[in-house]
$ cat target.csv   # CSV, C-alpha atoms and all ligand atoms
chain,number,residue,atom,x,y,z
S,1284,MET,CA,0.0,0.0,0.0
S,1285,ILE,CA,2.7,2.4,1.0
S,1286,ILE,CA,4.7,1.5,-2.1
S,1287,ARG,CA,1.7,2.1,-4.3
S,1288,GLN,CA,1.1,5.6,-2.8
S,1289,TYR,CA,4.8,6.5,-3.2
S,1290,LYS,CA,4.6,5.5,-6.8
S,1291,LEU,CA,1.4,7.4,-7.3
S,1292,PHE,CA,2.7,10.7,-5.9
S,1293,ALA,CA,6.0,10.3,-7.6
S,1294,ASN,CA,4.0,10.3,-10.8
S,1295,TRP,CA,2.7,13.9,-10.8
S,1296,ARG,CA,3.1,15.3,-14.2
S,1297,LYS,CA,3.4,19.0,-15.0
S,1298,SER,CA,2.1,21.4,-17.5
S,1299,PHE,CA,2.4,25.2,-17.7
S,1300,SER,CA,0.3,28.1,-18.8
S,1301,LYS,CA,0.9,31.8,-18.2
S,1302,ASN,CA,-0.3,31.9,-14.6
S,1303,PHE,CA,-0.2,28.3,-13.5
S,1304,ILE,CA,1.8,25.1,-13.2
S,1305,TYR,CA,-0.7,22.2,-13.4
S,1306,HIS,CA,0.2,19.0,-11.5
S,1307,TYR,CA,-1.9,16.0,-12.6
S,1308,LEU,CA,-1.7,12.3,-12.7
S,1309,SER,CA,-1.2,10.1,-15.7
S,1310,GLY,CA,-4.5,8.7,-17.0
S,1311,SER,CA,-6.6,11.2,-15.0
S,1312,MET,CA,-9.5,13.3,-16.2
S,1313,ALA,CA,-7.2,16.3,-15.7
S,1314,GLU,CA,-4.7,14.9,-18.2
S,1315,LYS,CA,-7.4,14.3,-20.7
S,1316,ASN,CA,-9.1,17.7,-20.4
S,1317,LEU,CA,-6.0,19.8,-19.8
S,1318,PRO,CA,-6.4,22.3,-22.6
S,1319,GLU,CA,-10.0,23.0,-21.4
S,1320,VAL,CA,-8.8,23.4,-17.7
S,1321,GLU,CA,-6.0,25.7,-18.8
S,1322,ASN,CA,-8.3,27.9,-20.8
S,1323,SER,CA,-10.9,28.2,-18.0
S,1324,GLU,CA,-8.2,28.9,-15.3
S,1325,GLU,CA,-6.6,31.6,-17.4
S,1326,ASN,CA,-9.9,33.2,-18.1
S,1327,LEU,CA,-10.9,33.1,-14.4
S,1328,ILE,CA,-7.6,34.6,-13.2
S,1329,ILE,CA,-8.0,37.6,-15.6
S,1330,LYS,CA,-11.5,38.3,-14.0
S,1331,LEU,CA,-10.1,38.0,-10.5
S,1332,GLU,CA,-7.1,40.2,-11.3
S,1333,GLU,CA,-9.5,42.9,-12.6
S,1334,PHE,CA,-11.9,42.5,-9.7
S,1335,LEU,CA,-9.2,42.6,-7.0
S,1336,LYS,CA,-7.1,45.2,-8.9
S,1337,ILE,CA,-3.9,43.2,-8.7
S,1338,LYS,CA,-1.6,41.3,-11.1
S,1339,ASN,CA,-0.7,37.8,-10.3
S,1340,PRO,CA,3.1,38.0,-10.0
S,1341,LYS,CA,4.2,34.4,-10.2
S,1342,LYS,CA,2.8,31.1,-11.4
S,1343,ILE,CA,0.4,29.3,-9.0
S,1344,ASN,CA,0.8,25.6,-8.4
S,1345,LEU,CA,-2.5,23.9,-9.1
S,1346,TYR,CA,-2.7,20.2,-8.0
S,1347,LEU,CA,-5.6,18.4,-9.8
S,1348,TYR,CA,-6.5,15.5,-7.6
S,1349,PRO,CA,-8.3,12.6,-9.2
S,1350,SER,CA,-10.3,11.8,-6.0
S,1351,LEU,CA,-11.4,13.4,-2.7
S,1352,THR,CA,-9.9,10.5,-0.8
S,1353,LEU,CA,-6.5,11.1,-2.3
S,1354,LYS,CA,-6.7,14.8,-1.6
S,1355,LYS,CA,-7.8,14.2,2.0
S,1356,LYS,CA,-4.9,11.7,2.5
S,1357,ASP,CA,-2.4,14.2,1.2
S,1358,LEU,CA,-3.7,17.5,2.3
S,1359,GLY,CA,-6.5,16.8,4.9
S,1360,GLY,CA,-9.8,18.7,5.0
S,1361,THR,CA,-13.2,17.5,3.6
S,1362,SER,CA,-13.6,20.1,0.9
S,1363,PRO,CA,-12.6,19.5,-2.7
S,1364,GLY,CA,-10.6,22.8,-2.6
S,1365,PHE,CA,-7.4,23.7,-0.8
S,1366,SER,CA,-5.0,26.7,-0.8
S,1367,ARG,CA,-1.8,27.7,1.0
S,1368,PHE,CA,0.1,30.9,0.8
S,1369,GLU,CA,3.4,28.9,1.3
S,1370,GLY,CA,4.4,27.5,-2.1
S,1371,ARG,CA,1.6,29.4,-3.9
S,1372,LYS,CA,-0.3,26.2,-3.8
S,1373,ILE,CA,-3.9,25.4,-4.7
S,1374,ALA,CA,-5.5,21.9,-5.0
S,1375,TYR,CA,-8.8,20.9,-6.4
S,1376,VAL,CA,-10.5,17.5,-6.9
S,1377,TYR,CA,-11.4,17.0,-10.5
S,1378,ASN,CA,-13.3,13.8,-11.5
S,1379,LYS,CA,-16.8,12.7,-12.5
S,1380,LYS,CA,-18.2,13.7,-9.1
S,1381,PHE,CA,-16.5,17.1,-9.2
S,1382,PRO,CA,-16.7,17.8,-12.9
S,1383,LYS,CA,-15.7,21.4,-12.8
S,1384,VAL,CA,-12.4,22.9,-11.6
S,1385,ALA,CA,-13.9,25.6,-9.5
S,1386,THR,CA,-10.9,27.5,-8.1
S,1387,ALA,CA,-12.3,31.1,-7.7
S,1388,HIS,CA,-12.5,30.7,-4.0
S,1389,GLU,CA,-9.0,29.2,-3.5
S,1390,GLU,CA,-7.4,31.6,-6.0
S,1391,THR,CA,-8.9,34.5,-4.1
S,1392,HIS,CA,-7.2,33.2,-1.0
S,1393,LEU,CA,-3.9,33.4,-2.7
S,1394,LEU,CA,-4.4,36.6,-4.7
S,1395,CYS,CA,-5.5,38.7,-1.7
S,1396,PHE,CA,-1.9,38.4,-0.4
S,1397,GLU,CA,-1.0,40.8,-3.2
S,1398,TRP,CA,-2.8,43.4,-1.1
S,1399,ASP,CA,-0.5,42.9,1.9
S,1400,LYS,CA,1.6,40.3,3.8
S,1401,PRO,CA,0.1,37.6,5.9
S,1402,SER,CA,-0.7,38.9,9.4
S,1403,SER,CA,-1.4,35.8,11.4
S,1404,PHE,CA,-1.0,32.0,11.4
S,1405,ILE,CA,-4.2,30.2,12.1
S,1406,GLU,CA,-5.5,26.6,11.4
S,1407,LYS,CA,-1.9,25.7,10.4
S,1408,GLN,CA,-1.9,28.4,7.7
S,1409,TYR,CA,-0.9,32.0,7.1
S,1410,ILE,CA,-3.9,34.3,6.6
S,1411,ILE,CA,-4.4,38.0,6.1
S,1412,SER,CA,-7.3,40.0,7.7
S,1413,THR,CA,-9.5,38.1,10.2
S,1414,ALA,CA,-10.7,34.6,9.5
S,1415,SER,CA,-14.2,35.9,8.8
S,1416,PHE,CA,-13.1,38.4,6.1
S,1417,TYR,CA,-10.5,36.1,4.6
S,1418,GLU,CA,-13.2,33.6,4.0
S,1419,GLY,CA,-15.9,36.2,3.2
S,1420,LEU,CA,-13.9,37.6,0.3
S,1421,ALA,CA,-13.4,34.1,-1.2
S,1422,MET,CA,-17.0,33.2,-0.7
S,1423,TYR,CA,-18.1,36.4,-2.5
S,1424,THR,CA,-15.8,35.8,-5.5
S,1425,GLN,CA,-16.8,32.1,-5.5
S,1426,SER,CA,-20.4,33.2,-5.9
S,1427,LYS,CA,-19.6,36.0,-8.3
S,1428,PHE,CA,-17.3,34.2,-10.7
S,1429,PHE,CA,-18.1,30.6,-10.4
S,1430,ASN,CA,-21.5,29.8,-9.1
S,1431,ARG,CA,-24.0,32.4,-8.2
S,1432,TYR,CA,-26.0,29.8,-6.4
S,1433,PHE,CA,-24.8,27.7,-3.5
S,1434,ASN,CA,-25.0,24.1,-4.0
S,1435,ARG,CA,-22.6,22.1,-1.9
S,1436,TYR,CA,-20.8,24.9,-0.1
S,1437,SER,CA,-20.2,24.4,3.5
S,1438,LEU,CA,-18.1,26.4,5.9
S,1439,THR,CA,-19.6,25.8,9.4
S,1440,ALA,CA,-23.0,24.9,8.1
S,1441,ARG,CA,-24.6,24.1,4.8
S,1442,PRO,CA,-26.8,26.8,3.3
S,1443,PRO,CA,-30.0,25.6,1.7
S,1444,LYS,CA,-29.3,24.2,-1.7
S,1445,GLY,CA,-29.5,26.4,-4.8
S,1446,MET,CA,-29.8,29.8,-3.2
S,1447,THR,CA,-27.9,33.0,-3.8
S,1448,LEU,CA,-25.8,34.6,-1.0
S,1449,SER,CA,-28.7,36.9,-0.2
S,1450,GLN,CA,-31.4,34.2,-0.3
S,1451,ALA,CA,-29.3,31.9,1.9
S,1452,ILE,CA,-29.1,34.5,4.7
S,1453,LYS,CA,-32.3,36.6,4.2
S,1454,ASP,CA,-34.7,34.2,6.0
S,1455,ASP,CA,-32.2,33.9,8.9
S,1456,ILE,CA,-32.0,37.7,9.2
S,1457,ASN,CA,-35.8,38.0,9.2
S,1458,ASN,CA,-36.1,35.4,11.9
S,1459,ASP,CA,-33.2,36.9,14.0
S,1460,ARG,CA,-31.0,33.9,13.6
S,1461,VAL,CA,-27.9,35.7,12.4
S,1462,PRO,CA,-25.1,36.8,14.8
S,1463,LYS,CA,-23.8,40.4,14.7
S,1464,ILE,CA,-20.7,41.1,12.6
S,1465,LYS,CA,-18.8,41.9,15.7
S,1466,ASP,CA,-19.7,38.5,17.2
S,1467,ILE,CA,-18.1,36.6,14.4
S,1468,LEU,CA,-15.4,39.1,13.4
S,1469,MET,CA,-12.5,37.2,15.0
S,1470,TYR,CA,-11.6,33.5,15.0
S,1471,GLU,CA,-13.3,32.4,18.2
S,1472,GLY,CA,-16.7,33.9,17.4
S,1473,TYR,CA,-16.3,32.7,13.8
S,1474,CYS,CA,-15.9,29.1,15.0
S,1475,LYS,CA,-18.6,29.2,17.7
S,1476,LYS,CA,-21.3,31.6,16.5
S,1477,LEU,CA,-21.4,31.6,12.7
S,1478,GLY,CA,-24.5,29.8,11.7
S,1479,ASN,CA,-24.2,29.9,7.9
S,1480,GLY,CA,-21.1,30.6,5.9
S,1481,ALA,CA,-23.2,32.6,3.4
S,1482,GLN,CA,-23.2,35.4,6.0
S,1483,LEU,CA,-19.5,36.1,5.4
S,1484,GLY,CA,-19.9,36.4,1.6
S,1485,SER,CA,-22.9,38.5,2.0
S,1486,ILE,CA,-21.2,41.0,4.3
S,1487,THR,CA,-18.3,41.3,1.9
S,1488,GLU,CA,-20.7,41.7,-1.0
S,1489,PHE,CA,-22.5,44.6,0.8
S,1490,LEU,CA,-19.2,46.4,1.7
S,1491,ILE,CA,-17.8,46.1,-1.8
S,1492,GLU,CA,-21.0,46.8,-3.8
S,1493,ILE,CA,-22.2,49.7,-1.6
S,1494,TYR,CA,-18.9,51.3,-0.4
S,1495,SER,CA,-16.3,50.1,-3.1
S,1496,LEU,CA,-13.5,47.6,-3.3
S,1497,ASP,CA,-10.9,50.3,-2.3
S,1498,LYS,CA,-12.5,50.8,1.0
S,1499,PHE,CA,-13.0,47.1,1.5
S,1500,ARG,CA,-9.3,46.5,0.8
S,1501,GLU,CA,-8.4,49.2,3.3
S,1502,LEU,CA,-10.4,47.5,6.0
S,1503,PHE,CA,-9.3,44.0,5.0
S,1504,ILE,CA,-5.6,44.7,5.4
S,1505,LYS,CA,-6.1,46.6,8.7
S,1506,LEU,CA,-8.0,43.7,10.3
S,1507,SER,CA,-5.9,40.9,11.8
S,1508,GLU,CA,-6.3,38.0,14.1
S,1509,SER,CA,-3.2,39.4,15.9
S,1510,ASN,CA,-5.1,42.5,16.9
S,1511,THR,CA,-7.6,42.8,19.9
S,1512,GLN,CA,-11.3,42.7,19.1
S,1513,ALA,CA,-11.6,46.4,20.1
S,1514,LYS,CA,-8.8,47.4,17.8
S,1515,ASN,CA,-10.4,45.5,14.9
S,1516,GLU,CA,-13.8,47.1,15.6
S,1517,SER,CA,-12.2,50.5,15.6
S,1518,PHE,CA,-11.1,50.1,12.0
S,1519,PHE,CA,-14.7,50.1,10.7
S,1520,LYS,CA,-15.0,53.6,12.0
S,1521,THR,CA,-11.6,54.6,10.6
S,1522,VAL,CA,-12.4,53.4,7.1
S,1523,TYR,CA,-16.2,54.0,6.8
S,1524,GLY,CA,-16.7,56.7,9.4
S,1525,LYS,CA,-19.4,54.5,10.9
S,1526,ASN,CA,-19.2,52.0,13.7
S,1527,ILE,CA,-19.5,48.3,13.2
S,1528,ASP,CA,-23.0,48.1,14.7
S,1529,THR,CA,-24.3,50.8,12.2
S,1530,LEU,CA,-22.7,48.9,9.3
S,1531,ASP,CA,-24.2,45.7,10.7
S,1532,LEU,CA,-27.7,47.2,10.5
S,1533,GLU,CA,-27.1,48.6,7.0
S,1534,TRP,CA,-25.9,45.2,5.8
S,1535,ARG,CA,-29.1,43.6,7.2
S,1536,SER,CA,-31.4,46.0,5.5
S,1537,TYR,CA,-29.3,45.7,2.2
S,1538,VAL,CA,-30.0,41.9,2.3
S,1539,VAL,CA,-33.6,42.1,3.3
S,1540,ASN,CA,-34.4,44.7,0.5
S,1541,LYS,CA,-32.4,42.9,-2.2
S,1542,SER,CA,-34.4,41.4,-5.0
S,1543,ASP,CA,-32.3,38.3,-5.7
O,1601,ZN,ZN,-11.8,29.4,2.1

$ encode --input "target.csv" --output "structure tokens"
Amino acid sequence: MIIRQYKLFANWRKSFSKNFIYHYLSGSMAEKNLPEVENSEENLIIKLEEFLKIKNPKKINLYLYPSLTLKKKDLGGTSPGFSRFEGRKIAYVYNKKFPKVATAHEETHLLCFEWDKPSSFIEKQYIISTASFYEGLAMYTQSKFFNRYFNRYSLTARPPKGMTLSQAIKDDINNDRVPKIKDILMYEGYCKKLGNGAQLGSITEFLIEIYSLDKFRELFIKLSESNTQAKNESFFKTVYGKNIDTLDLEWRSYVVNKSD
């Protein structure tokens, strides 16, 4: 068994495009559909670069795993996606069960480090901003550039199938089941109080769509898991001239009044 695994992982093959180094296994669906994958990844990264106002400076290593079991064995986690700042590494499961290489979320995790350096080390990885905003930005681009409707996405809980960011959270807001932004802002609250991962993407959407990406970026890079809660809360006032509770109320009414 060990010998087989060794052989398997020694067999990663490589292919290059402008922004990526693709790692795939011989005989896999990735090998077969490589031109199609390269095309869609290059198209996606152009959209993300424009949206985030950055240029990807160096090729990203994209590992295309033929199964979730292999990906779990090698990298852990239950999601088909994976990203790490170290090594500019992304992984995604690509097979009949996961027939689309959907890396908008994971690429966003890597690309946002072009805004600033990592500011904390959490869950065995470097992150920038707080966990809630680091995830929120990736959830928003995932919904914007890959799949407007949630299907399988799960962060701490699974939103109802086939709903937009707003739809997934609107009913919870109307029924008072959504924690305040300040209660999930930092890692502890994010782990304990977040009911539905769509909330993070929805808050990000609100701040970007209503107040601009530039302001969002300013907030995003000031926030850090290495700061105190009070310091992180104060940055909302610095950037938006409004405190976190006011923005929380504005976000709720934005969601409730949205037509999608
Ligand atoms: Zn993520």

$ residues_around --input "target.csv" --residues "stretch 1453-1459 of chain S" --least-positions-apart "6" --cutoff "8 Å" --atoms "all atoms listed in the file" --output "ChimeraX atom specification"
/S:1535,1538-1539

$ closest_atom_pairs --input "target.csv" --of "chain S" --to "ligand ZN 1601 (chain O)" --cutoff "10 Å" --atoms "only C-alpha atoms and all ligand atoms" --output "tab-separated table"
residue	atom	partner	partner_atom	distance
S:Ser1362	CA	O:ZN1601	ZN	9.5
S:Gly1364	CA	O:ZN1601	ZN	8.2
S:Phe1365	CA	O:ZN1601	ZN	7.8
S:Ser1366	CA	O:ZN1601	ZN	7.9
S:Ala1387	CA	O:ZN1601	ZN	10.0
S:His1388	CA	O:ZN1601	ZN	6.3
S:Glu1389	CA	O:ZN1601	ZN	6.3
S:Glu1390	CA	O:ZN1601	ZN	9.5
S:Thr1391	CA	O:ZN1601	ZN	8.5
S:His1392	CA	O:ZN1601	ZN	6.7
S:Ala1414	CA	O:ZN1601	ZN	9.1
S:Ser1415	CA	O:ZN1601	ZN	9.6
S:Phe1416	CA	O:ZN1601	ZN	9.9
S:Tyr1417	CA	O:ZN1601	ZN	7.3
S:Glu1418	CA	O:ZN1601	ZN	4.8
S:Gly1419	CA	O:ZN1601	ZN	8.0
S:Leu1420	CA	O:ZN1601	ZN	8.7
S:Ala1421	CA	O:ZN1601	ZN	6.0
S:Met1422	CA	O:ZN1601	ZN	7.0
S:Gln1425	CA	O:ZN1601	ZN	9.5
S:Ser1437	CA	O:ZN1601	ZN	9.9
S:Leu1438	CA	O:ZN1601	ZN	7.9

$ residues_around --input "target.csv" --residues "S:Lys1372" --least-positions-apart "3" --cutoff "10 Å" --atoms "all atoms listed in the file" --output "ChimeraX atom specification"
/S:1303-1304,1342-1346,1365-1369,1389-1390,1393

$ closest_residue --input "target.csv" --among "S:Thr1487, S:Gln1408, S:Ser1298, S:Thr1386" --to "S:Gly1370" --atoms "all atoms listed in the file"
S:Gln1408

$ atom_distance --input "target.csv" --atom1 "atom CA of S:Ser1542" --atom2 "atom CA of S:Phe1489"
13.6 Å

$ axis_aligned_box --input "target.csv" --around "stretch 1509-1522 of chain S" --padding-each-side "4 Å" --output "lines of an AutoDock Vina configuration file"
center_x = -9.1
center_y = 47.0
center_z = 13.6
size_x = 19.8
size_y = 23.2
size_z = 21.0

$ closest_residue --input "target.csv" --among "S:Ile1452, S:Ile1328, S:Leu1496, S:Ile1373" --to "S:Leu1477" --atoms "all atoms listed in the file"
S:Ile1452

$ atom_distance --input "target.csv" --atom1 "atom CA of S:Leu1308" --atom2 "atom CA of S:Trp1295"
5.1 Å

$ atom_distance --input "target.csv" --atom1 "atom CA of S:Phe1429" --atom2 "atom CA of S:Lys1301"
20.6 Å

$ residues_around --input "target.csv" --residues "S:Lys1463" --least-positions-apart "6" --cutoff "9 Å" --atoms "only C-alpha atoms" --output "ChimeraX atom specification"
/S:1528,1531-1532

$ residues_around --input "target.csv" --residues "S:Met1469" --least-positions-apart "6" --cutoff "12 Å" --atoms "all atoms listed in the file" --output "list in words"
Ser1403, Ile1405, Ser1412, Thr1413, Ala1414, Ser1415, Phe1416, Tyr1417, Glu1418, Lys1463, Lys1475, Lys1476, Leu1477, Leu1483, Leu1506, Ser1507, Glu1508, Ser1509, Asn1510, Thr1511, Gln1512, Ala1513, Lys1514, Asn1515 and Glu1516 of chain S

$ closest_residue --input "target.csv" --among "S:Trp1398, S:Tyr1473, S:Tyr1375, S:Tyr1537" --to "S:Leu1502" --atoms "all atoms listed in the file"
S:Trp1398

$ closest_residue --input "target.csv" --among "S:Leu1353, S:Ala1385, S:Ile1410, S:Met1312" --to "S:Glu1324" --atoms "all atoms listed in the file"
S:Ala1385

$ closest_residue --input "target.csv" --among "S:Val1522, S:Ile1504, S:Leu1358, S:Ile1527" --to "S:Ile1486" --atoms "all atoms listed in the file"
S:Ile1527

$ build_atoms --input "target.csv" --residues "stretch 1445-1480 of chain S" --atoms "N, CA and C atoms" --output "PDB file, in the frame of the given file"
ATOM      1  N   GLY S1445     -29.048  25.562  -3.697  1.00  0.00           N
ATOM      2  CA  GLY S1445     -29.500  26.400  -4.800  1.00  0.00           C
ATOM      3  C   GLY S1445     -29.981  27.749  -4.482  1.00  0.00           C
ATOM      4  N   MET S1446     -29.381  28.401  -3.503  1.00  0.00           N
ATOM      5  CA  MET S1446     -29.800  29.800  -3.200  1.00  0.00           C
ATOM      6  C   MET S1446     -28.636  30.740  -3.381  1.00  0.00           C
ATOM      7  N   THR S1447     -28.956  31.995  -3.654  1.00  0.00           N
ATOM      8  CA  THR S1447     -27.900  33.000  -3.800  1.00  0.00           C
ATOM      9  C   THR S1447     -27.442  33.353  -2.352  1.00  0.00           C
ATOM     10  N   LEU S1448     -26.354  34.132  -2.295  1.00  0.00           N
ATOM     11  CA  LEU S1448     -25.800  34.600  -1.000  1.00  0.00           C
ATOM     12  C   LEU S1448     -26.960  35.255  -0.201  1.00  0.00           C
ATOM     13  N   SER S1449     -27.692  36.140  -0.872  1.00  0.00           N
ATOM     14  CA  SER S1449     -28.700  36.900  -0.200  1.00  0.00           C
ATOM     15  C   SER S1449     -29.883  35.983   0.263  1.00  0.00           C
ATOM     16  N   GLN S1450     -30.299  35.114  -0.657  1.00  0.00           N
ATOM     17  CA  GLN S1450     -31.400  34.200  -0.300  1.00  0.00           C
ATOM     18  C   GLN S1450     -31.035  33.310   0.858  1.00  0.00           C
ATOM     19  N   ALA S1451     -29.778  32.880   0.866  1.00  0.00           N
ATOM     20  CA  ALA S1451     -29.300  31.900   1.900  1.00  0.00           C
ATOM     21  C   ALA S1451     -29.368  32.577   3.291  1.00  0.00           C
ATOM     22  N   ILE S1452     -29.266  33.888   3.338  1.00  0.00           N
ATOM     23  CA  ILE S1452     -29.100  34.500   4.700  1.00  0.00           C
ATOM     24  C   ILE S1452     -30.403  35.356   5.008  1.00  0.00           C
ATOM     25  N   LYS S1453     -31.197  35.706   3.992  1.00  0.00           N
ATOM     26  CA  LYS S1453     -32.300  36.600   4.200  1.00  0.00           C
ATOM     27  C   LYS S1453     -33.342  36.048   5.228  1.00  0.00           C
ATOM     28  N   ASP S1454     -33.695  34.812   5.060  1.00  0.00           N
ATOM     29  CA  ASP S1454     -34.700  34.200   6.000  1.00  0.00           C
ATOM     30  C   ASP S1454     -34.146  34.183   7.404  1.00  0.00           C
ATOM     31  N   ASP S1455     -32.852  33.896   7.528  1.00  0.00           N
ATOM     32  CA  ASP S1455     -32.200  33.900   8.900  1.00  0.00           C
ATOM     33  C   ASP S1455     -32.247  35.273   9.493  1.00  0.00           C
ATOM     34  N   ILE S1456     -31.987  36.291   8.676  1.00  0.00           N
ATOM     35  CA  ILE S1456     -32.000  37.700   9.200  1.00  0.00           C
ATOM     36  C   ILE S1456     -33.423  38.022   9.651  1.00  0.00           C
ATOM     37  N   ASN S1457     -34.398  37.715   8.815  1.00  0.00           N
ATOM     38  CA  ASN S1457     -35.800  38.000   9.200  1.00  0.00           C
ATOM     39  C   ASN S1457     -36.251  37.319  10.419  1.00  0.00           C
ATOM     40  N   ASN S1458     -35.655  36.188  10.709  1.00  0.00           N
ATOM     41  CA  ASN S1458     -36.100  35.400  11.900  1.00  0.00           C
ATOM     42  C   ASN S1458     -35.038  35.531  13.044  1.00  0.00           C
ATOM     43  N   ASP S1459     -34.177  36.572  12.935  1.00  0.00           N
ATOM     44  CA  ASP S1459     -33.200  36.900  14.000  1.00  0.00           C
ATOM     45  C   ASP S1459     -32.319  35.703  14.383  1.00  0.00           C
ATOM     46  N   ARG S1460     -31.835  35.024  13.365  1.00  0.00           N
ATOM     47  CA  ARG S1460     -31.000  33.900  13.600  1.00  0.00           C
ATOM     48  C   ARG S1460     -29.513  34.158  13.184  1.00  0.00           C
ATOM     49  N   VAL S1461     -29.182  35.430  12.926  1.00  0.00           N
ATOM     50  CA  VAL S1461     -27.900  35.700  12.400  1.00  0.00           C
ATOM     51  C   VAL S1461     -27.053  36.549  13.424  1.00  0.00           C
ATOM     52  N   PRO S1462     -25.873  36.066  13.798  1.00  0.00           N
ATOM     53  CA  PRO S1462     -25.100  36.800  14.800  1.00  0.00           C
ATOM     54  C   PRO S1462     -24.624  38.173  14.215  1.00  0.00           C
ATOM     55  N   LYS S1463     -24.320  39.085  15.123  1.00  0.00           N
ATOM     56  CA  LYS S1463     -23.800  40.400  14.700  1.00  0.00           C
ATOM     57  C   LYS S1463     -22.423  40.232  14.076  1.00  0.00           C
ATOM     58  N   ILE S1464     -22.064  41.172  13.199  1.00  0.00           N
ATOM     59  CA  ILE S1464     -20.700  41.100  12.600  1.00  0.00           C
ATOM     60  C   ILE S1464     -19.662  41.061  13.660  1.00  0.00           C
ATOM     61  N   LYS S1465     -19.829  41.871  14.710  1.00  0.00           N
ATOM     62  CA  LYS S1465     -18.800  41.900  15.700  1.00  0.00           C
ATOM     63  C   LYS S1465     -18.639  40.586  16.477  1.00  0.00           C
ATOM     64  N   ASP S1466     -19.729  39.814  16.517  1.00  0.00           N
ATOM     65  CA  ASP S1466     -19.700  38.500  17.200  1.00  0.00           C
ATOM     66  C   ASP S1466     -18.952  37.431  16.463  1.00  0.00           C
ATOM     67  N   ILE S1467     -18.818  37.612  15.157  1.00  0.00           N
ATOM     68  CA  ILE S1467     -18.100  36.600  14.400  1.00  0.00           C
ATOM     69  C   ILE S1467     -16.840  37.158  13.725  1.00  0.00           C
ATOM     70  N   LEU S1468     -16.509  38.391  14.102  1.00  0.00           N
ATOM     71  CA  LEU S1468     -15.400  39.100  13.400  1.00  0.00           C
ATOM     72  C   LEU S1468     -14.070  38.323  13.601  1.00  0.00           C
ATOM     73  N   MET S1469     -13.810  37.828  14.811  1.00  0.00           N
ATOM     74  CA  MET S1469     -12.500  37.200  15.000  1.00  0.00           C
ATOM     75  C   MET S1469     -12.725  35.640  15.165  1.00  0.00           C
ATOM     76  N   TYR S1470     -11.609  34.935  15.137  1.00  0.00           N
ATOM     77  CA  TYR S1470     -11.600  33.500  15.000  1.00  0.00           C
ATOM     78  C   TYR S1470     -12.520  32.730  15.961  1.00  0.00           C
ATOM     79  N   GLU S1471     -12.483  33.128  17.230  1.00  0.00           N
ATOM     80  CA  GLU S1471     -13.300  32.400  18.200  1.00  0.00           C
ATOM     81  C   GLU S1471     -14.765  32.465  17.935  1.00  0.00           C
ATOM     82  N   GLY S1472     -15.233  33.675  17.662  1.00  0.00           N
ATOM     83  CA  GLY S1472     -16.700  33.900  17.400  1.00  0.00           C
ATOM     84  C   GLY S1472     -17.035  33.225  16.030  1.00  0.00           C
ATOM     85  N   TYR S1473     -16.116  33.330  15.091  1.00  0.00           N
ATOM     86  CA  TYR S1473     -16.300  32.700  13.800  1.00  0.00           C
ATOM     87  C   TYR S1473     -16.515  31.218  13.910  1.00  0.00           C
ATOM     88  N   CYS S1474     -15.746  30.583  14.778  1.00  0.00           N
ATOM     89  CA  CYS S1474     -15.900  29.100  15.000  1.00  0.00           C
ATOM     90  C   CYS S1474     -17.157  28.791  15.759  1.00  0.00           C
ATOM     91  N   LYS S1475     -17.469  29.616  16.756  1.00  0.00           N
ATOM     92  CA  LYS S1475     -18.600  29.200  17.700  1.00  0.00           C
ATOM     93  C   LYS S1475     -19.930  29.779  17.262  1.00  0.00           C
ATOM     94  N   LYS S1476     -19.978  30.950  16.640  1.00  0.00           N
ATOM     95  CA  LYS S1476     -21.300  31.600  16.500  1.00  0.00           C
ATOM     96  C   LYS S1476     -21.810  31.672  15.040  1.00  0.00           C
ATOM     97  N   LEU S1477     -20.917  31.472  14.075  1.00  0.00           N
ATOM     98  CA  LEU S1477     -21.400  31.600  12.700  1.00  0.00           C
ATOM     99  C   LEU S1477     -22.351  30.451  12.387  1.00  0.00           C
ATOM    100  N   GLY S1478     -23.542  30.803  11.952  1.00  0.00           N
ATOM    101  CA  GLY S1478     -24.500  29.800  11.700  1.00  0.00           C
ATOM    102  C   GLY S1478     -24.518  29.305  10.254  1.00  0.00           C
ATOM    103  N   ASN S1479     -24.134  30.210   9.362  1.00  0.00           N
ATOM    104  CA  ASN S1479     -24.200  29.900   7.900  1.00  0.00           C
ATOM    105  C   ASN S1479     -23.157  30.700   7.207  1.00  0.00           C
ATOM    106  N   GLY S1480     -22.279  29.965   6.521  1.00  0.00           N
ATOM    107  CA  GLY S1480     -21.100  30.600   5.900  1.00  0.00           C
ATOM    108  C   GLY S1480     -21.523  31.677   4.860  1.00  0.00           C
TER     109      GLY S1480
END
